[in-house]
Amino acid sequence: MSDASPHDAPPSQYLTLNLAHEEYGVDILAVREIRGWTPVTRIPQAPAYVLGVLNLRGAIVPVIDMRLRFGLPPEQYTASTVTVIVTVAGRHFGVVVDAVSDVLDVSPADVRPVPDMGTTVDTEYLKGLTAVDERMVLLLDVDKLLQPQDAQMLEAALPAVAEVKAVA
């Protein structure tokens with residue numbers, strides 16, 4: 001048994017994302033790439049928050065709109081709209097957010113439980129929150145963004161969209 005406490009654990013790094021005037025953090029180890037918004041190929045009968053897929057250097061990557069995933073009103077995609085490519089359980093997928101800001105070092109001792117109310121987003125997608133200066137950052141649990149049934153539906157649909165043009 002170890003005597004290590006959360007106070008002894010090294011800090012984790014989080015990429016901060018902006019979405020509907022709130023700030024979220026994604027574990028930097030899950031982030032593969034940050035790209036500007038590019039149109040995607042739609043997948044028939046996909047959930048509304050699954051925008052479609054893109055071919056990323058030979059890999060077909062599902063892309064979800066975080067606003068729609070969290071039940072927020074959609075926004076027009078602009079020059080600051082970003083697709084963050086993340087990896088969960090060995091599978092790449094893209095998440096569309098309003099913007100990215102910076103990378104934070106967060107000590108495990110500074111992560112607080114998420115209260116059941118007062119956030120725009122369902123707490124099932126969050127693993128905690130932390131205070132940074134005068135602002136709160138909600139820490140996302142990327143493993144929960146794509147539901148297992150959605151992942152299965154996408155796997156079944158991907159052969160039909162295998163002709164998607166590659167983007168650099």
# chains A, B, ... in the order shown; residues from 1 in each chain; ligands from 1
$ residues_around --residues "A:Val132" --least-positions-apart "3" --cutoff "9 Å" --atoms "only C-alpha atoms" --output "list in words"
Leu104, Val106, Arg135, Met136 and Val137 of chain A
$ write_last_selection --atoms "N, CA, C and O atoms" --output "mmCIF file, in the first residue's frame"
data_model
loop_
_atom_site.group_PDB
_atom_site.id
_atom_site.type_symbol
_atom_site.label_atom_id
_atom_site.label_comp_id
_atom_site.auth_asym_id
_atom_site.auth_seq_id
_atom_site.Cartn_x
_atom_site.Cartn_y
_atom_site.Cartn_z
ATOM 1 N N LEU A 104 -3.358 24.247 -18.884
ATOM 2 C CA LEU A 104 -3.259 24.480 -17.442
ATOM 3 C C LEU A 104 -2.593 23.297 -16.762
ATOM 4 O O LEU A 104 -2.828 22.152 -17.138
ATOM 5 N N VAL A 106 -2.856 21.333 -13.427
ATOM 6 C CA VAL A 106 -3.836 21.201 -12.348
ATOM 7 C C VAL A 106 -3.380 20.097 -11.402
ATOM 8 O O VAL A 106 -3.230 18.941 -11.811
ATOM 9 N N ARG A 135 -11.535 32.321 -12.226
ATOM 10 C CA ARG A 135 -12.511 31.590 -13.031
ATOM 11 C C ARG A 135 -12.531 30.112 -12.665
ATOM 12 O O ARG A 135 -11.588 29.588 -12.107
ATOM 13 N N MET A 136 -13.656 29.458 -13.007
ATOM 14 C CA MET A 136 -13.802 28.027 -12.788
ATOM 15 C C MET A 136 -13.632 27.315 -14.131
ATOM 16 O O MET A 136 -14.138 27.768 -15.152
ATOM 17 N N VAL A 137 -12.924 26.185 -14.101
ATOM 18 C CA VAL A 137 -12.742 25.361 -15.291
ATOM 19 C C VAL A 137 -13.361 24.003 -15.000
ATOM 20 O O VAL A 137 -13.017 23.356 -14.007
#
$ atom_distance --atom1 "atom CA of A:Leu56" --atom2 "atom CA of A:Thr83"
11.9 Å
$ residues_around --residues "A:Gly94" --least-positions-apart "3" --cutoff "8 Å" --atoms "only C-alpha atoms" --output "PyMOL selection string"
chain A and resi 61-64+83-86
$ select_by_dssp --residues "stretch 10-56 of chain A" --states "strand (DSSP E)" --output "JSON, numbers by chain"
{"A": [12, 13, 14, 15, 16, 17, 18, 19, 22, 23, 24, 25, 26, 27, 31, 32, 33, 34, 35, 36, 50, 51, 52, 53, 54, 55, 56]}
$ residues_around --residues "A:Tyr77" --least-positions-apart "2" --cutoff "10 Å" --atoms "only C-alpha atoms" --output "PyMOL selection string"
chain A and resi 37-39+74-75+79-82+96-98
$ select_by_dssp --residues "stretch 3-163 of chain A" --states "helix (DSSP H, G or I)" --output "VMD selection string"
chain A and resid 28 to 30 66 to 69 108 to 110 123 to 125 142 to 144 148 to 161
$ closest_residue --among "A:Gly128, A:Ala99, A:Asp141, A:Val50" --to "A:Thr78" --atoms "only C-alpha atoms"
A:Ala99
$ closest_residue --among "A:Pro108, A:Pro44, A:Pro113, A:Gly52" --to "A:Pro11" --atoms "only C-alpha atoms"
A:Pro108
$ closest_residue --among "A:Ala48, A:Val95, A:Leu139, A:Val114" --to "A:Arg35" --atoms "only C-alpha atoms"
A:Val95
$ closest_residue --among "A:Met66, A:Val103, A:Leu51, A:Leu72" --to "A:Tyr125" --atoms "only C-alpha atoms"
A:Met66
$ residues_around --residues "A:Val26" --least-positions-apart "6" --cutoff "6 Å" --atoms "only C-alpha atoms" --output "list in words"
Tyr14, Leu15 and Leu140 of chain A
$ atom_distance --atom1 "atom CA of A:Gly90" --atom2 "atom CA of A:Ala59"
12.3 Å
